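Enquirer: To be precise about what I am sending: the file is called my_file-v9.cif and holds mmCIF, C-alpha atoms.
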```
data_protein
loop_
_atom_site.label_atom_id
_atom_site.label_comp_id
_atom_site.auth_asym_id
_atom_site.auth_seq_id
_atom_site.Cartn_x
_atom_site.Cartn_y
_atom_site.Cartn_z
CA MET M 1 100.11 -90.42 95.02
CA THR M 2 103.35 -92.20 94.31
CA HIS M 3 105.40 -91.18 97.32
CA ALA M 4 106.21 -94.78 98.26
CA ALA M 5 107.95 -95.25 94.93
CA LEU M 6 109.66 -91.84 95.01
CA SER M 7 110.77 -91.75 98.63
CA PRO M 8 113.94 -93.80 98.05
CA LEU M 9 114.85 -91.45 95.21
CA ILE M 10 115.10 -88.31 97.31
CA GLY M 11 117.24 -87.63 100.31
CA PRO M 12 116.37 -86.24 103.73
CA GLU M 13 116.99 -82.66 102.57
CA PHE M 14 113.23 -82.29 101.96
CA ASP M 15 112.21 -83.40 105.47
CA GLU M 16 112.38 -79.92 107.01
CA PHE M 17 110.26 -78.44 104.22
CA LEU M 18 107.66 -81.21 104.19
CA GLY M 19 107.36 -81.21 107.98
CA ALA M 20 107.09 -77.42 108.29
CA SER M 21 103.87 -76.09 109.76
CA ILE M 22 101.52 -73.99 107.68
CA GLY M 23 99.14 -73.36 110.56
CA GLU M 24 95.95 -75.00 111.75
CA ASP M 25 92.87 -75.92 109.81
CA ARG M 26 89.36 -74.91 110.88
CA ASN M 27 89.19 -77.85 113.29
CA GLY M 28 92.40 -76.81 115.04
CA THR M 29 94.40 -79.66 113.53
CA GLY M 30 98.02 -78.81 112.74
CA LEU M 31 98.66 -78.54 109.04
CA SER M 32 102.11 -79.28 107.63
CA VAL M 33 103.26 -78.89 104.04
CA LEU M 34 103.07 -82.67 103.70
CA SER M 35 99.50 -82.88 104.97
CA ALA M 36 98.44 -79.86 102.87
CA PHE M 37 99.81 -81.49 99.71
CA ALA M 38 98.09 -84.75 100.63
CA ARG M 39 94.76 -82.91 101.09
CA LEU M 40 95.21 -81.45 97.61
CA ASN M 41 95.95 -84.93 96.22
CA VAL M 42 99.40 -83.72 95.19
CA ASP M 43 102.40 -86.01 95.64
CA PRO M 44 104.38 -84.24 98.39
CA TRP M 45 107.80 -85.58 97.35
CA GLN M 46 107.30 -84.89 93.67
CA GLU M 47 105.99 -81.39 94.39
CA ALA M 48 108.88 -80.66 96.76
CA MET M 49 111.37 -81.71 94.05
CA SER M 50 109.54 -79.59 91.50
CA LEU M 51 109.53 -76.54 93.79
CA ALA M 52 113.23 -76.98 94.61
CA ARG M 53 114.12 -76.97 90.92
CA MET M 54 112.15 -73.78 90.22
CA PRO M 55 113.51 -70.28 90.67
CA ARG M 56 112.65 -69.06 94.19
CA ASN M 57 110.04 -66.51 93.06
CA ALA M 58 108.24 -69.05 90.89
CA ALA M 59 108.30 -71.57 93.74
CA VAL M 60 106.77 -69.02 96.13
CA VAL M 61 103.98 -68.25 93.63
CA ARG M 62 103.29 -71.98 93.09
CA LEU M 63 103.29 -72.76 96.81
CA ASN M 64 101.00 -69.81 97.60
CA ALA M 65 98.58 -71.02 94.93
CA LEU M 66 98.59 -74.49 96.49
CA ILE M 67 98.00 -73.09 99.99
CA ASP M 68 95.15 -70.91 98.69
CA ALA M 69 93.59 -73.96 96.99
CA LEU M 70 93.26 -75.95 100.22
CA PRO M 71 89.70 -77.27 100.60
CA SER M 72 89.24 -76.00 104.14
CA GLU M 73 91.57 -73.05 104.08
CA PRO M 74 93.52 -72.70 107.33
CA PRO M 75 92.81 -69.58 109.39
CA ILE M 76 96.26 -68.06 109.04
CA GLU M 77 96.94 -64.59 110.35
CA ILE M 78 100.25 -64.25 108.49
CA PRO M 79 99.79 -63.42 104.78
CA ALA M 80 100.14 -66.44 102.50
CA ARG M 81 102.99 -64.73 100.61
CA THR M 82 105.09 -64.58 103.77
CA ILE M 83 104.33 -68.21 104.60
CA GLY M 84 105.17 -69.31 101.06
CA ALA M 85 108.45 -67.39 101.08
CA ASP M 86 109.42 -68.79 104.48
CA LEU M 87 108.58 -72.33 103.40
CA VAL M 88 110.41 -72.08 100.08
CA ALA M 89 113.48 -70.93 102.03
CA LEU M 90 113.47 -74.39 103.67
CA LEU M 91 113.86 -76.11 100.31
CA PRO M 92 117.36 -77.23 99.35
CA ARG M 93 119.05 -75.29 96.58
CA ASN M 94 119.15 -76.96 93.18
CA ASP M 95 122.87 -77.79 93.55
CA LYS M 96 122.26 -79.63 96.85
CA LEU M 97 119.51 -81.93 95.62
CA ASN M 98 120.19 -85.59 96.23
CA VAL M 99 117.77 -87.00 93.67
CA ARG M 100 118.69 -90.25 91.96
CA SER M 101 117.26 -91.75 88.84
CA PRO M 102 114.71 -94.54 89.37
CA HIS M 103 117.07 -96.80 87.43
CA ASP M 104 119.93 -96.14 89.87
CA VAL M 105 118.11 -96.82 93.13
CA PHE M 106 119.82 -100.15 93.75
CA ALA M 107 123.06 -99.41 91.91
CA PRO M 108 126.16 -98.56 93.95
CA VAL M 109 126.84 -94.84 93.89
CA GLY M 110 130.56 -94.67 94.61
CA SER M 111 133.76 -96.60 94.21
CA ARG M 112 133.69 -97.61 97.91
CA GLN M 113 130.23 -99.18 97.52
CA ARG M 114 131.39 -100.87 94.34
CA GLN M 115 134.38 -102.38 96.17
CA ILE M 116 132.14 -103.63 98.96
CA LEU M 117 129.74 -105.16 96.45
CA MET M 118 132.61 -106.89 94.63
CA ALA M 119 134.06 -108.26 97.89
CA LEU M 120 130.67 -109.58 99.00
CA SER M 121 130.10 -111.18 95.59
CA ALA M 122 133.52 -112.89 95.72
CA PHE M 123 132.78 -114.13 99.24
CA VAL M 124 129.44 -115.61 98.18
CA ILE M 125 131.04 -117.34 95.19
CA MET M 126 133.75 -118.82 97.42
CA LEU M 127 131.11 -120.11 99.85
CA ILE M 128 129.24 -121.77 97.01
CA VAL M 129 132.43 -123.44 95.76
CA VAL M 130 133.24 -124.71 99.28
CA PHE M 131 129.75 -126.17 99.73
CA VAL M 132 129.80 -127.83 96.31
CA LEU M 133 133.23 -129.33 96.93
CA SER M 134 132.25 -130.56 100.38
CA ALA M 135 129.12 -132.20 98.97
CA VAL M 136 131.04 -133.87 96.12
CA LEU M 137 134.04 -135.00 98.19
CA SER M 138 132.24 -135.99 101.41
CA PRO M 139 131.88 -139.75 100.56
CA TRP M 140 135.65 -140.06 100.04
CA LEU M 141 136.76 -137.87 102.91
CA GLY M 142 134.43 -139.20 105.57
CA ASN M 143 135.37 -141.54 108.45
CA GLY M 144 135.74 -144.50 106.11
CA ALA M 145 132.47 -146.19 107.03
CA ASN M 146 131.39 -146.26 103.39
CA LEU M 147 134.70 -147.54 102.02
CA PRO M 148 135.18 -151.22 101.17
CA PRO M 149 137.70 -153.07 103.38
CA ARG M 150 141.30 -153.02 102.26
CA GLY M 151 142.99 -156.25 101.27
CA ASP M 152 146.13 -155.78 103.37
CA ASP M 153 144.22 -155.37 106.61
CA PRO M 154 144.71 -158.52 108.80
CA SER M 155 141.22 -158.23 110.25
CA THR M 156 139.69 -158.70 106.84
CA GLY M 157 141.40 -161.97 106.10
CA MET M 158 139.65 -165.20 105.36
CA PRO M 159 138.09 -166.82 108.40
CA ARG M 160 139.91 -169.94 109.63
CA ARG M 161 138.24 -173.29 109.58
#
```
Once you've parsed the file, please lay out its structure as structure tokens.
Expert:
Amino acid sequence: MTHAALSPLIGPEFDEFLGASIGEDRNGTGLSVLSAFARLNVDPWQEAMSLARMPRNAAVVRLNALIDALPSEPPIEIPARTIGADLVALLPRNDKLNVRSPHDVFAPVGSRQRQILMALSAFVIMLIVVFVLSAVLSPWLGNGANLPPRGDDPSTGMPRR
């Protein structure tokens, strides 16, 4: 499963669907869509995106087939078709999907983010320039301890004999 790589690519609009309960398995353990997909070795995030992009009827058929394929089928009193239809209704519509390309994960998405990124970059460059200048100019701008004595200073005159 590649959910760790895909999770930053999808938004929270799939949370309600993936967390929805299907019922209980034979041991009485609660079974969510996420756990059912994991038991089937199906990537939950990828499958949720795939189902959301399908027409509703096709998504219901696919989801019912997945529920029916569970290794230890849950004892559900409600027909699988009803469960599948109710669960598919929790999926976001295709026009509301917030799925980004894997290449755009770290790229700014709007002009506001771009402005913030530019301002932060300019600030970092200015800090680097200040540190470089302070390192280069520090021997000349210090307290004078490293400077040779000046000739017009009376305390640096020749000692008297």
Enquirer: So the first atom is atom CA of Glu24 of chain M and the second is atom CA of Met54 of chain M; what is the distance between them in Å, to one decimal place?
Expert: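 Between atom CA of Glu24 of chain M and atom CA of Met54 of chain M the gap works out to 27.0 Å.
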Enquirer: (96.9, -83.1, 104.8) in this file's frame - what residues fall within 12 Å of it? Use all atoms listed in the file and give the answer as a VMD selection string.
Expert: chain M and resid 18 to 19 21 to 25 29 to 44 67 70 to 74
Enquirer: Could you tell me how far atom CA of Ala85 of chain M sits from atom CA of Val61 of chain M, in Å to one decimal place?
Expert: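 It comes out at 8.7 Å.
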Enquirer: Rank M:Gln113, M:Ser121, M:Ser134, M:Ser50 by their smallest atom-to-atom distance to Leu91 of chain M, using all atoms listed in the file, and report the top residue only.
Expert: M:Ser50
Enquirer: Carefully work through the PyMOL selection byres ((chain M and resi 53) around 10) for this structure and note down the residues it includes, as a list in words.
Expert: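 Here the PyMOL selection byres ((chain M and resi 53) around 10) matches Glu47, Ala48, Met49, Ser50, Leu51, Ala52, Met54, Pro55, Arg56, Ala58, Ala59, Leu91, Pro92, Arg93, Asn94, Asp95 and Leu97 of chain M.
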Enquirer: Rounded to one decimal place, report the atom CA of Val130 of chain M-atom CA of Leu117 of chain M distance in Å.
Expert: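 According to the coordinates, atom CA of Val130 of chain M and atom CA of Leu117 of chain M are separated by 20.1 Å.
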Enquirer: Counting all atoms listed in the file, figure out which residue out of M:Ala65, M:Met118, M:Met126, M:Val60 gets nearest to Leu90 of chain M.
Expert: M:Val60
Enquirer: Step by step: start from the point (99.7, -68.2, 98.3) in the file's coordinates, keep every protein, DNA or RNA residue that has an atom no farther than 9 Å from it, count all atoms listed in the file, and write the set as a PDB file with C-alpha atoms, in the frame of the given file.
Expert:
```
ATOM      1  CA  VAL M  60     106.770 -69.020  96.130  1.00  0.00           C
ATOM      2  CA  VAL M  61     103.980 -68.250  93.630  1.00  0.00           C
ATOM      3  CA  ARG M  62     103.290 -71.980  93.090  1.00  0.00           C
ATOM      4  CA  LEU M  63     103.290 -72.760  96.810  1.00  0.00           C
ATOM      5  CA  ASN M  64     101.000 -69.810  97.600  1.00  0.00           C
ATOM      6  CA  ALA M  65      98.580 -71.020  94.930  1.00  0.00           C
ATOM      7  CA  LEU M  66      98.590 -74.490  96.490  1.00  0.00           C
ATOM      8  CA  ILE M  67      98.000 -73.090  99.990  1.00  0.00           C
ATOM      9  CA  ASP M  68      95.150 -70.910  98.690  1.00  0.00           C
ATOM     10  CA  ALA M  69      93.590 -73.960  96.990  1.00  0.00           C
ATOM     11  CA  PRO M  79      99.790 -63.420 104.780  1.00  0.00           C
ATOM     12  CA  ALA M  80     100.140 -66.440 102.500  1.00  0.00           C
ATOM     13  CA  ARG M  81     102.990 -64.730 100.610  1.00  0.00           C
ATOM     14  CA  THR M  82     105.090 -64.580 103.770  1.00  0.00           C
ATOM     15  CA  ILE M  83     104.330 -68.210 104.600  1.00  0.00           C
ATOM     16  CA  GLY M  84     105.170 -69.310 101.060  1.00  0.00           C
TER      17      GLY M  84
END
```
